[in-house]
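Structure data follow from model_8.txt (compact mmCIF, C-alpha atoms (C1' of nucleotides)):
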```txt
# COMPACT_ATOMS: atom_id res chain seq x y z
CA MET A 1 125.33 96.40 114.80
CA ILE A 2 121.64 96.33 113.95
CA LEU A 3 122.24 96.82 110.23
CA ASP A 4 124.96 94.18 110.15
CA ALA A 5 122.93 91.58 112.00
CA GLY A 6 119.81 92.53 110.07
CA GLY A 7 121.57 92.17 106.76
CA GLN A 8 122.91 88.78 107.73
CA LEU A 9 119.51 87.59 108.89
CA MET A 10 117.94 88.81 105.66
CA ALA A 11 120.61 87.00 103.66
CA GLN A 12 120.05 83.78 105.59
CA GLY A 13 116.29 83.58 105.85
CA GLY A 14 114.97 86.02 103.32
CA TYR A 15 112.25 88.56 103.85
CA ALA A 16 109.67 85.91 104.75
CA ARG A 17 111.62 84.81 107.82
CA PHE A 18 112.98 88.22 108.75
CA SER A 19 112.18 89.25 112.29
CA ALA A 20 113.13 92.26 114.35
CA ARG A 21 113.03 90.06 117.42
CA GLU A 22 115.62 87.74 115.93
CA VAL A 23 117.84 90.70 115.07
CA ALA A 24 117.57 91.91 118.65
CA LYS A 25 118.38 88.47 120.00
CA ARG A 26 121.48 88.22 117.84
CA ILE A 27 122.98 91.47 119.07
CA GLY A 28 121.84 91.01 122.64
CA TYR A 29 119.45 93.93 122.70
CA SER A 30 115.74 94.06 123.36
CA VAL A 31 113.14 94.26 120.62
CA GLY A 32 112.07 97.74 121.61
CA THR A 33 115.50 99.22 121.04
CA VAL A 34 115.88 97.72 117.60
CA VAL A 35 112.43 98.74 116.52
CA ASN A 36 112.27 102.21 118.05
CA LEU A 37 115.56 103.21 116.46
CA PHE A 38 114.11 102.63 113.00
CA ASN A 39 110.50 103.58 113.65
CA GLY A 40 109.15 100.10 113.35
CA VAL A 41 110.30 97.05 111.49
CA ASP A 42 109.45 98.69 108.18
CA GLY A 43 112.10 101.34 108.75
CA LEU A 44 114.65 98.65 109.55
CA VAL A 45 113.89 96.78 106.36
CA VAL A 46 114.12 100.02 104.39
CA ALA A 47 117.56 100.66 105.87
CA ILE A 48 118.72 97.15 105.04
CA ASN A 49 117.37 97.34 101.51
CA SER A 50 119.02 100.72 100.96
CA ALA A 51 122.33 99.21 102.00
CA THR A 52 121.76 96.36 99.58
CA PHE A 53 121.13 98.87 96.80
CA ARG A 54 124.40 100.61 97.55
CA GLN A 55 126.33 97.34 97.56
CA TRP A 56 124.67 96.45 94.29
CA THR A 57 125.78 99.71 92.73
CA GLY A 58 129.32 99.14 93.91
CA PHE A 59 129.25 95.61 92.57
CA LEU A 60 128.13 96.87 89.18
CA GLU A 61 130.91 99.43 89.03
CA SER A 62 133.58 96.91 89.92
CA HIS A 63 132.09 94.47 87.42
CA LEU A 64 132.51 97.11 84.70
CA HIS A 65 136.11 97.79 85.59
CA GLY A 66 138.49 97.06 82.76
CA ALA A 67 135.88 96.58 80.07
CA ASP A 68 135.38 99.06 77.30
CA GLY A 69 133.21 99.56 74.26
CA PRO A 70 129.98 97.64 73.73
CA ASP A 71 131.26 94.91 76.02
CA ARG A 72 130.35 97.17 78.94
CA ILE A 73 126.67 96.67 78.15
CA VAL A 74 127.03 92.90 78.42
CA ARG A 75 128.93 93.35 81.66
CA LEU A 76 126.17 95.57 82.95
CA VAL A 77 123.47 93.00 82.34
CA ASP A 78 125.71 90.25 83.63
CA GLY A 79 126.40 92.26 86.77
CA TYR A 80 122.72 92.84 87.42
CA PHE A 81 122.08 89.11 87.22
CA GLY A 82 125.20 88.20 89.11
CA PHE A 83 124.46 90.30 92.14
CA ALA A 84 120.89 89.08 92.31
CA ARG A 85 121.95 85.45 92.04
CA ASP A 86 124.74 85.75 94.57
CA ASN A 87 122.61 87.72 97.03
CA LEU A 88 119.24 86.21 96.30
CA ASN A 89 117.51 86.82 99.61
CA ARG A 90 118.74 90.34 100.12
CA TRP A 91 118.09 91.25 96.51
CA ALA A 92 114.59 89.79 96.59
CA ALA A 93 113.83 91.60 99.83
CA ILE A 94 114.09 94.89 97.97
CA TYR A 95 111.07 93.97 95.91
CA GLU A 96 109.19 91.86 98.42
CA HIS A 97 108.97 94.60 100.99
CA ARG A 98 106.02 96.89 100.49
CA LEU A 99 105.30 99.65 102.95
CA PRO A 100 101.72 100.74 103.62
CA PRO A 101 100.12 102.33 100.55
CA ASP A 102 99.88 105.78 102.14
CA VAL A 103 103.49 106.26 103.23
CA PRO A 104 105.79 107.70 100.55
CA MET A 105 109.05 106.01 99.59
CA PRO A 106 111.75 107.09 102.05
CA SER A 107 114.39 109.22 100.37
CA LEU A 108 117.07 106.93 101.76
CA LEU A 109 115.72 104.18 99.53
CA ALA A 110 114.86 106.42 96.60
CA ASP A 111 118.36 107.88 96.56
CA ALA A 112 120.00 104.47 96.66
CA ARG A 113 117.86 103.39 93.74
CA SER A 114 118.69 106.53 91.80
CA ALA A 115 122.39 105.93 92.27
CA LEU A 116 122.13 102.55 90.60
CA THR A 117 120.08 104.02 87.79
CA THR A 118 122.71 106.68 87.24
CA VAL A 119 125.37 104.06 86.60
CA VAL A 120 123.23 102.38 83.98
CA ALA A 121 122.29 105.69 82.35
CA ARG A 122 125.96 106.56 81.99
CA GLU A 123 126.63 103.35 80.09
CA VAL A 124 123.55 103.68 77.92
CA ALA A 125 124.55 107.23 77.00
CA ALA A 126 128.02 106.00 76.08
CA VAL A 127 126.69 103.73 73.32
CA LEU A 128 124.17 106.31 72.10
CA PRO A 129 126.25 109.41 71.38
CA GLY A 130 124.21 112.37 70.26
CA THR A 131 120.97 111.08 71.75
CA PRO A 132 119.07 113.73 73.78
CA ALA A 133 119.40 113.29 77.52
CA PRO A 134 115.67 112.76 78.18
CA ALA A 135 115.58 109.98 75.60
CA VAL A 136 118.60 108.34 77.20
CA ALA A 137 116.95 108.58 80.62
CA SER A 138 113.73 107.07 79.38
CA LEU A 139 115.44 104.24 77.53
CA THR A 140 117.59 103.57 80.57
CA ARG A 141 114.58 103.13 82.80
CA SER A 142 113.00 100.86 80.22
CA LEU A 143 116.08 98.69 79.81
CA ILE A 144 116.43 98.35 83.57
CA ALA A 145 112.82 97.20 83.68
CA THR A 146 113.53 94.75 80.90
CA VAL A 147 116.51 93.22 82.64
CA HIS A 148 114.70 93.27 85.96
CA GLY A 149 111.84 91.28 84.50
CA HIS A 150 114.21 88.64 83.18
CA CYS A 151 116.03 88.55 86.49
CA VAL A 152 112.83 88.09 88.47
CA PHE A 153 111.64 85.23 86.29
CA ALA A 154 115.06 83.61 86.36
CA LEU A 155 115.31 83.67 90.13
CA ASN A 156 111.76 82.88 91.17
CA GLY A 157 111.52 79.79 89.01
CA SER A 158 109.14 81.20 86.40
CA PHE A 159 111.58 80.64 83.58
CA ALA A 160 112.43 77.17 84.81
CA VAL A 161 108.81 76.07 84.92
CA LEU A 162 108.36 77.33 81.37
CA GLY A 163 111.39 75.40 80.16
CA GLU A 164 113.77 78.30 79.74
CA ASN A 165 117.36 77.69 80.78
CA ASP A 166 119.35 80.70 79.61
CA PRO A 167 117.62 83.83 80.94
CA LEU A 168 120.78 85.91 80.84
CA ALA A 169 121.15 85.37 77.10
CA LEU A 170 117.56 86.44 76.61
CA ALA A 171 118.07 89.63 78.58
CA VAL A 172 121.24 90.49 76.70
CA GLY A 173 119.42 89.82 73.46
CA ARG A 174 116.53 92.15 74.24
CA VAL A 175 118.81 94.91 75.50
CA THR A 176 121.03 94.66 72.43
CA GLU A 177 118.06 94.74 70.07
CA SER A 178 116.58 97.81 71.72
CA LEU A 179 119.87 99.67 71.83
CA ARG A 180 120.42 98.97 68.13
CA ALA A 181 116.87 100.04 67.33
CA ASN A 182 117.65 103.33 69.02
CA GLY A 183 120.83 103.99 67.13
CA ALA A 184 123.58 102.14 68.95
CA VAL A 185 126.28 100.35 66.97
CA LEU A 186 127.12 97.18 68.87
CA MET B 187 83.44 79.75 99.89
CA ILE B 188 87.03 79.80 101.07
CA LEU B 189 88.39 80.74 97.67
CA ASP B 190 85.79 83.46 97.19
CA ALA B 191 86.36 85.03 100.58
CA GLY B 192 90.11 84.55 100.25
CA GLY B 193 90.18 86.24 96.87
CA GLN B 194 88.18 89.16 98.20
CA LEU B 195 90.43 89.55 101.21
CA MET B 196 93.49 89.43 98.98
CA ALA B 197 91.98 92.08 96.73
CA GLN B 198 91.17 94.32 99.66
CA GLY B 199 94.27 94.08 101.82
CA GLY B 200 96.91 92.60 99.59
CA TYR B 201 99.27 89.79 100.47
CA ALA B 202 100.77 91.69 103.40
CA ARG B 203 97.45 91.80 105.24
CA PHE B 204 96.19 88.42 104.12
CA SER B 205 95.24 86.12 106.96
CA ALA B 206 93.74 82.66 107.07
CA ARG B 207 92.08 83.61 110.33
CA GLU B 208 90.31 86.52 108.68
CA VAL B 209 89.15 84.28 105.85
CA ALA B 210 87.75 81.84 108.39
CA LYS B 211 86.02 84.63 110.27
CA ARG B 212 84.36 85.91 107.11
CA ILE B 213 82.84 82.57 106.18
CA GLY B 214 82.00 81.59 109.75
CA TYR B 215 84.36 78.64 109.95
CA SER B 216 87.24 77.94 112.26
CA VAL B 217 90.85 78.54 111.36
CA GLY B 218 91.68 74.86 111.39
CA THR B 219 89.16 74.00 108.71
CA VAL B 220 90.36 76.68 106.34
CA VAL B 221 93.99 75.82 106.84
CA ASN B 222 93.74 72.03 106.87
CA LEU B 223 91.79 71.98 103.64
CA PHE B 224 94.66 73.65 101.81
CA ASN B 225 97.57 72.19 103.76
CA GLY B 226 98.51 75.41 105.44
CA VAL B 227 98.10 79.01 104.48
CA ASP B 228 100.63 78.59 101.69
CA GLY B 229 98.34 76.18 99.89
CA LEU B 230 95.47 78.60 100.22
CA VAL B 231 97.50 81.42 98.72
CA VAL B 232 98.61 79.14 95.90
CA ALA B 233 94.97 78.31 95.15
CA ILE B 234 94.00 81.99 95.16
CA ASN B 235 96.93 82.94 92.94
CA SER B 236 96.12 80.16 90.50
CA ALA B 237 92.58 81.48 90.23
CA THR B 238 93.98 84.96 89.60
CA PHE B 239 96.14 83.55 86.82
CA ARG B 240 93.13 81.97 85.18
CA GLN B 241 91.13 85.19 85.39
CA TRP B 242 94.09 87.03 83.94
CA THR B 243 94.22 84.66 80.99
CA GLY B 244 90.52 85.11 80.37
CA PHE B 245 90.88 88.87 80.59
CA LEU B 246 93.65 88.79 78.00
CA GLU B 247 91.57 86.72 75.60
CA SER B 248 88.58 89.00 75.87
CA HIS B 249 90.86 92.02 75.50
CA LEU B 250 92.12 90.59 72.22
CA HIS B 251 88.64 89.97 70.90
CA GLY B 252 87.89 91.89 67.73
CA ALA B 253 91.43 93.04 67.05
CA ASP B 254 93.51 91.69 64.23
CA GLY B 255 96.93 92.09 62.71
CA PRO B 256 99.79 93.75 64.58
CA ASP B 257 97.27 95.60 66.73
CA ARG B 258 96.83 92.39 68.69
CA ILE B 259 100.35 92.77 70.08
CA VAL B 260 99.53 96.21 71.45
CA ARG B 261 96.33 94.82 72.91
CA LEU B 262 98.30 92.02 74.52
CA VAL B 263 100.67 94.39 76.28
CA ASP B 264 97.83 96.70 77.18
CA GLY B 265 95.88 93.78 78.61
CA TYR B 266 98.79 92.65 80.74
CA PHE B 267 99.08 96.12 82.22
CA GLY B 268 95.35 96.60 82.49
CA PHE B 269 94.70 93.48 84.51
CA ALA B 270 97.57 94.23 86.84
CA ARG B 271 96.43 97.81 87.39
CA ASP B 272 92.80 96.88 87.91
CA ASN B 273 93.60 93.98 90.21
CA LEU B 274 96.72 95.32 91.84
CA ASN B 275 96.65 93.41 95.12
CA ARG B 276 95.69 90.08 93.66
CA TRP B 277 98.14 90.46 90.80
CA ALA B 278 100.96 91.46 93.11
CA ALA B 279 100.22 88.54 95.42
CA ILE B 280 101.23 86.18 92.64
CA TYR B 281 104.77 87.49 92.82
CA GLU B 282 104.94 88.40 96.50
CA HIS B 283 104.16 84.92 97.68
CA ARG B 284 107.18 82.67 97.92
CA LEU B 285 106.89 79.16 99.25
CA PRO B 286 109.77 77.58 101.15
CA PRO B 287 112.83 77.06 98.94
CA ASP B 288 112.61 73.27 99.10
CA VAL B 289 109.00 72.76 98.00
CA PRO B 290 108.48 72.60 94.23
CA MET B 291 105.95 74.81 92.47
CA PRO B 292 102.51 73.17 92.72
CA SER B 293 101.29 72.03 89.32
CA LEU B 294 98.05 73.92 89.91
CA LEU B 295 100.04 77.15 89.78
CA ALA B 296 102.44 76.01 87.08
CA ASP B 297 99.58 75.00 84.80
CA ALA B 298 97.77 78.29 85.27
CA ARG B 299 100.95 80.13 84.40
CA SER B 300 101.50 77.99 81.33
CA ALA B 301 98.01 78.73 80.10
CA LEU B 302 98.70 82.44 80.11
CA THR B 303 102.02 81.88 78.37
CA THR B 304 100.29 79.85 75.67
CA VAL B 305 98.03 82.76 74.79
CA VAL B 306 101.01 85.07 74.36
CA ALA B 307 102.95 82.47 72.36
CA ARG B 308 100.04 82.14 69.96
CA GLU B 309 100.09 85.88 69.27
CA VAL B 310 103.86 86.04 68.94
CA ALA B 311 103.82 83.17 66.47
CA ALA B 312 101.15 84.97 64.43
CA VAL B 313 103.44 87.95 63.73
CA LEU B 314 106.48 85.74 63.10
CA PRO B 315 105.35 83.32 60.37
CA GLY B 316 107.97 80.77 59.46
CA THR B 317 109.87 81.11 62.71
CA PRO B 318 110.77 77.76 64.32
CA ALA B 319 108.58 76.88 67.29
CA PRO B 320 111.42 76.75 69.84
CA ALA B 321 112.51 80.26 68.83
CA VAL B 322 108.95 81.50 69.20
CA ALA B 323 108.68 79.89 72.62
CA SER B 324 111.94 81.42 73.77
CA LEU B 325 111.10 84.88 72.47
CA THR B 326 107.66 84.63 74.05
CA ARG B 327 109.12 83.95 77.48
CA SER B 328 111.53 86.83 77.02
CA LEU B 329 108.86 89.28 75.95
CA ILE B 330 106.66 88.31 78.86
CA ALA B 331 109.60 88.98 81.16
CA THR B 332 110.13 92.33 79.47
CA VAL B 333 106.54 93.42 79.91
CA HIS B 334 106.47 92.02 83.43
CA GLY B 335 109.46 94.12 84.39
CA HIS B 336 107.80 97.26 83.11
CA CYS B 337 104.59 96.35 84.87
CA VAL B 338 106.31 95.75 88.18
CA PHE B 339 108.13 99.06 88.07
CA ALA B 340 104.99 100.88 86.98
CA LEU B 341 102.91 99.52 89.82
CA ASN B 342 105.37 99.52 92.70
CA GLY B 343 106.37 103.13 92.21
CA SER B 344 109.85 102.51 90.84
CA PHE B 345 109.09 104.29 87.59
CA ALA B 346 107.41 107.16 89.37
CA VAL B 347 110.37 107.78 91.66
CA LEU B 348 112.64 107.81 88.62
CA GLY B 349 110.46 110.36 86.83
CA GLU B 350 108.88 108.04 84.30
CA ASN B 351 105.20 108.60 83.55
CA ASP B 352 104.37 106.38 80.56
CA PRO B 353 105.50 102.85 81.36
CA LEU B 354 103.03 101.25 78.96
CA ALA B 355 104.51 103.13 76.02
CA LEU B 356 107.97 101.96 77.03
CA ALA B 357 106.86 98.35 77.20
CA VAL B 358 105.13 98.52 73.83
CA GLY B 359 108.26 100.13 72.40
CA ARG B 360 110.58 97.39 73.63
CA VAL B 361 108.27 94.60 72.50
CA THR B 362 107.86 96.16 69.07
CA GLU B 363 111.60 96.61 68.66
CA SER B 364 112.35 93.03 69.59
CA LEU B 365 109.64 91.59 67.37
CA ARG B 366 110.93 93.62 64.42
CA ALA B 367 114.50 92.58 65.17
CA ASN B 368 113.32 88.99 64.96
CA GLY B 369 111.58 89.37 61.64
CA ALA B 370 108.12 90.68 62.37
CA VAL B 371 106.59 93.32 60.09
CA LEU B 372 104.60 95.65 62.34
C1' DA C 373 128.77 113.96 143.42
C1' DC C 374 124.86 115.02 141.27
C1' DA C 375 120.99 116.17 138.13
C1' DG C 376 119.14 115.90 133.78
C1' DA C 377 119.08 113.62 129.30
C1' DA C 378 119.44 109.62 126.59
C1' DA C 379 119.31 104.86 125.91
C1' DT C 380 117.42 100.57 127.04
C1' DT C 381 114.45 97.31 129.00
C1' DA C 382 110.65 94.34 130.51
C1' DG C 383 106.33 93.12 129.88
C1' DA C 384 101.62 93.35 128.28
C1' DC C 385 98.78 93.32 124.12
C1' DG C 386 96.51 91.65 120.07
C1' DA C 387 97.28 88.98 116.05
C1' DT C 388 99.32 85.38 113.26
C1' DG C 389 99.97 80.10 111.51
C1' DT C 390 100.26 75.47 113.16
C1' DT C 391 98.74 71.51 115.42
C1' DC C 392 95.72 67.80 117.25
C1' DA C 393 92.52 65.44 120.35
C1' DA C 394 87.71 65.91 120.83
C1' DT C 395 83.39 66.64 118.92
C1' DT C 396 79.86 67.19 115.68
C1' DT C 397 77.86 66.01 111.23
C1' DA C 398 77.12 63.29 107.18
C1' DT C 399 76.83 58.73 104.95
C1' DA C 400 75.59 54.14 104.14
C1' DA C 401 74.44 49.59 105.70
C1' DA C 402 71.30 46.62 108.38
C1' DT D 403 64.71 53.62 111.73
C1' DT D 404 68.76 52.46 113.93
C1' DT D 405 73.44 51.99 113.95
C1' DA D 406 78.25 52.14 112.80
C1' DT D 407 81.65 54.09 110.16
C1' DA D 408 83.71 57.96 107.78
C1' DA D 409 84.23 62.75 107.13
C1' DA D 410 84.14 67.34 108.48
C1' DT D 411 84.72 70.71 111.92
C1' DT D 412 86.00 72.66 116.11
C1' DG D 413 88.28 74.56 120.15
C1' DA D 414 92.11 75.46 122.60
C1' DA D 415 97.05 75.51 123.35
C1' DC D 416 101.42 77.00 121.48
C1' DA D 417 105.17 79.67 119.76
C1' DT D 418 106.06 83.66 117.33
C1' DC D 419 105.38 88.22 115.55
C1' DG D 420 105.29 93.79 115.73
C1' DT D 421 103.80 97.47 118.64
C1' DC D 422 103.60 100.13 122.52
C1' DT D 423 104.77 102.40 127.15
C1' DA D 424 106.02 103.05 131.87
C1' DA D 425 109.96 102.02 134.40
C1' DT D 426 114.70 101.52 134.69
C1' DT D 427 119.40 101.78 133.66
C1' DT D 428 123.26 104.22 131.61
C1' DC D 429 125.52 108.15 129.95
C1' DT D 430 126.84 113.17 130.07
C1' DG D 431 128.15 117.48 131.63
C1' DT D 432 128.35 120.65 135.37
```
So, in terms of structure tokens, how does the structure I just supplied come out?
Amino acid sequence: MILDAGGQLMAQGGYARFSAREVAKRIGYSVGTVVNLFNGVDGLVVAINSATFRQWTGFLESHLHGADGPDRIVRLVDGYFGFARDNLNRWAAIYEHRLPPDVPMPSLLADARSALTTVVAREVAAVLPGTPAPAVASLTRSLIATVHGHCVFALNGSFAVLGENDPLALAVGRVTESLRANGAVL
Amino acid sequence: MILDAGGQLMAQGGYARFSAREVAKRIGYSVGTVVNLFNGVDGLVVAINSATFRQWTGFLESHLHGADGPDRIVRLVDGYFGFARDNLNRWAAIYEHRLPPDVPMPSLLADARSALTTVVAREVAAVLPGTPAPAVASLTRSLIATVHGHCVFALNGSFAVLGENDPLALAVGRVTESLRANGAVL
DNA sequence: ACAGAAATTAGACGATGTTCAATTTATAAA
DNA sequence: TTTATAAATTGAACATCGTCTAATTTCTGT
């Protein structure tokens, strides 16, 4: 109940308007219950963001379904953008939420993130046969960062204010160039 | 006074702990004064972030001083990372702060952002002689997004949790690859 | 039916941003 | 210098937030 209502509230108002009290009100419980169950509002947000990560991974997989060859890379980038655009507030919450600098990243969140990375790494490896695994892993992380940067600027208005109107094409372009530079034939 | 104290508070506690009341307390004024002068706490944050942008631009320029040739590109990427690392909280505040979805980006902030972009565009154009201006502008925006993505992941722990320990090298690698793919000789 | 454990609550607490009538301070004219 | 007008500043009230804890309700198993 809490995760459902919390996810909906996050989707509606974004992280800025998220409130444990509002979640409690929506499910008819008191604030204390909601907050104690997750060790504070931070824990609740972490749980919601982890769920978002898992949905994102599933979305990517289904977006890849049926494609083959180099087209899968385009689908991958397109899926990253698509999920973020269609779930703007929940997607943004993943990166807007920062827990206190001393507490380590909960494994719930780290694992969810790793799962998404694994999907991308699999696709990168597929277009780079014969490339050593560590190099594939490193390039994967870098390409995710590349696409993420484009996605952030596309969705927070940075690209718009700079006059850019096709961020997805830019991201696909950079990813393609880097894959080719590292030996892929696309 | 307000901007000075506000910038210091942002640097110390980050956006999460930023408070107009604390700013007022530090300069010995009341909350109302601080907030009314900037049309709410959002306006104050916008002013602080714009100042950060301008400092960032200045830092980049001074970081480029004395370098020439393709080395300037490396300096550019290194400067982007360096400022973010050395001014983590104030840098992060630029991207953590989101104003309500209906209000447009204040020109104060948009102009500061454009100024930084202009510096990068100048350097990109220098290594791509003969490239049409619109193509340079587009590639510039894309490369900034690329570096930004790497910077975000480096500083928010995403790279660390994925086992990556040299984000700067990755960013330089991607930028170099894309510049070469677009005709630069580096 | 009952006792112990678990879940849940109510309420107080300190802090936040917003708002606005009231007050103080600065400015310029007489 | 006095005065009147404008500007700056305040103080307090308000609604909301996350956190905490003692008290209460509900569940569970004997």
>> For B:Met196, find every residue with an atom within 10 Å (counting only C-alpha atoms (C1' of nucleotides)), except residues of its own chain fewer than 3 positions away, and show them as a count of residues only.
In response: 22
>> Residues of chain B within 10 Å of chain C, counting only C-alpha atoms (C1' of nucleotides) - could you list those as a PyMOL selection string?
In response: chain B and resi 205-207+217-218+221-222+226-228
> How many Å lie between atom CA of B:Phe269 and atom CA of B:Ala197, rounded to one decimal?
Replying inline: 12.6 Å
> To one decimal place, how far is atom CA of B:Val338 from atom CA of B:Leu189 in Å?
Replying inline: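 We find that atom CA of B:Val338 and atom CA of B:Leu189 lie 25.2 Å from each other.
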>> At a cut-off of 6 Å, which residues of chain B touch chain A? Count only C-alpha atoms and give the answer as a ChimeraX atom specification.
In response: /B:282,331-332,334-336,363-364
Take every atom of stretch 202-221 of chain B listed in the file, pad by 3 Å on each side, and give me the axis-aligned box centre and edge lengths in Å, one decimal, as JSON.
```
{"center_x": 91.4, "center_y": 82.9, "center_z": 107.8, "size_x": 24.8, "size_y": 23.8, "size_z": 14.9}
```
>> Report, in Å with one decimal, the straight-line distance from atom CA of A:His65 to atom CA of A:Gly183.
In response: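 Distance between the two atoms: 24.8 Å.
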>> Quick check: residues of chain D within 10 Å of chain B, all atoms listed in the file, returned as a list in words.
In response: DA410, DT411, DT412 and DG413 of chain D
> Which residue gives the smallest distance to D:DC419 among A:Ile73, A:Glu22, A:Ala126, A:Ser62, with all atoms listed in the file counted?
Replying inline: A:Glu22
> Out of B:Pro318, B:Val371, B:Leu294, B:Leu341, which residue has the shortest atom-to-atom distance to B:Ala233 when counting only C-alpha atoms?
Replying inline: B:Leu294
> Skipping near chain neighbours, those fewer than 2 positions away, what residues fall within 10 Å of B:Gly268 using all atoms listed in the file, listed as a ChimeraX atom specification?
Replying inline: /B:242,245-246,249,261-266,270-274,337,354
Selected residues, C-alpha atoms, written as a PDB file, in the frame of the given file, please.
```pdb
ATOM      1  CA  TRP B 242      94.090  87.030  83.940  1.00  0.00           C
ATOM      2  CA  PHE B 245      90.880  88.870  80.590  1.00  0.00           C
ATOM      3  CA  LEU B 246      93.650  88.790  78.000  1.00  0.00           C
ATOM      4  CA  HIS B 249      90.860  92.020  75.500  1.00  0.00           C
ATOM      5  CA  ARG B 261      96.330  94.820  72.910  1.00  0.00           C
ATOM      6  CA  LEU B 262      98.300  92.020  74.520  1.00  0.00           C
ATOM      7  CA  VAL B 263     100.670  94.390  76.280  1.00  0.00           C
ATOM      8  CA  ASP B 264      97.830  96.700  77.180  1.00  0.00           C
ATOM      9  CA  GLY B 265      95.880  93.780  78.610  1.00  0.00           C
ATOM     10  CA  TYR B 266      98.790  92.650  80.740  1.00  0.00           C
ATOM     11  CA  ALA B 270      97.570  94.230  86.840  1.00  0.00           C
ATOM     12  CA  ARG B 271      96.430  97.810  87.390  1.00  0.00           C
ATOM     13  CA  ASP B 272      92.800  96.880  87.910  1.00  0.00           C
ATOM     14  CA  ASN B 273      93.600  93.980  90.210  1.00  0.00           C
ATOM     15  CA  LEU B 274      96.720  95.320  91.840  1.00  0.00           C
ATOM     16  CA  CYS B 337     104.590  96.350  84.870  1.00  0.00           C
ATOM     17  CA  LEU B 354     103.030 101.250  78.960  1.00  0.00           C
TER      18      LEU B 354
END
```
Produce stretch 375-399 of chain C of the given structure as output with C-alpha atoms (C1' of nucleotides), as a PDB file, in the first residue's frame.
```pdb
ATOM      1  C1'  DA C 375      -1.073 -12.735  28.108  1.00  0.00           C
ATOM      2  C1'  DG C 376       2.514 -11.224  25.417  1.00  0.00           C
ATOM      3  C1'  DA C 377       4.055  -9.354  21.012  1.00  0.00           C
ATOM      4  C1'  DA C 378       3.365  -6.486  17.175  1.00  0.00           C
ATOM      5  C1'  DA C 379       1.335  -2.772  14.883  1.00  0.00           C
ATOM      6  C1'  DT C 380      -0.497   1.688  15.049  1.00  0.00           C
ATOM      7  C1'  DT C 381      -1.641   6.046  16.776  1.00  0.00           C
ATOM      8  C1'  DA C 382      -1.862  10.740  18.640  1.00  0.00           C
ATOM      9  C1'  DG C 383       0.448  14.491  19.712  1.00  0.00           C
ATOM     10  C1'  DA C 384       4.339  17.420  20.746  1.00  0.00           C
ATOM     11  C1'  DC C 385       8.537  19.386  18.769  1.00  0.00           C
ATOM     12  C1'  DG C 386      11.453  22.228  15.983  1.00  0.00           C
ATOM     13  C1'  DA C 387      12.009  23.847  11.410  1.00  0.00           C
ATOM     14  C1'  DT C 388      10.576  25.324   6.858  1.00  0.00           C
ATOM     15  C1'  DG C 389       8.457  28.951   3.154  1.00  0.00           C
ATOM     16  C1'  DT C 390       4.841  32.236   2.577  1.00  0.00           C
ATOM     17  C1'  DT C 391       2.289  36.177   3.588  1.00  0.00           C
ATOM     18  C1'  DC C 392       1.011  40.917   5.061  1.00  0.00           C
ATOM     19  C1'  DA C 393      -0.213  44.712   8.145  1.00  0.00           C
ATOM     20  C1'  DA C 394       2.607  47.477  10.974  1.00  0.00           C
ATOM     21  C1'  DT C 395       6.725  49.775  11.767  1.00  0.00           C
ATOM     22  C1'  DT C 396      11.073  51.737  11.065  1.00  0.00           C
ATOM     23  C1'  DT C 397      14.339  54.034   8.021  1.00  0.00           C
ATOM     24  C1'  DA C 398      15.790  56.677   4.111  1.00  0.00           C
ATOM     25  C1'  DT C 399      14.889  60.381   0.743  1.00  0.00           C
TER      26       DT C 399
END
```
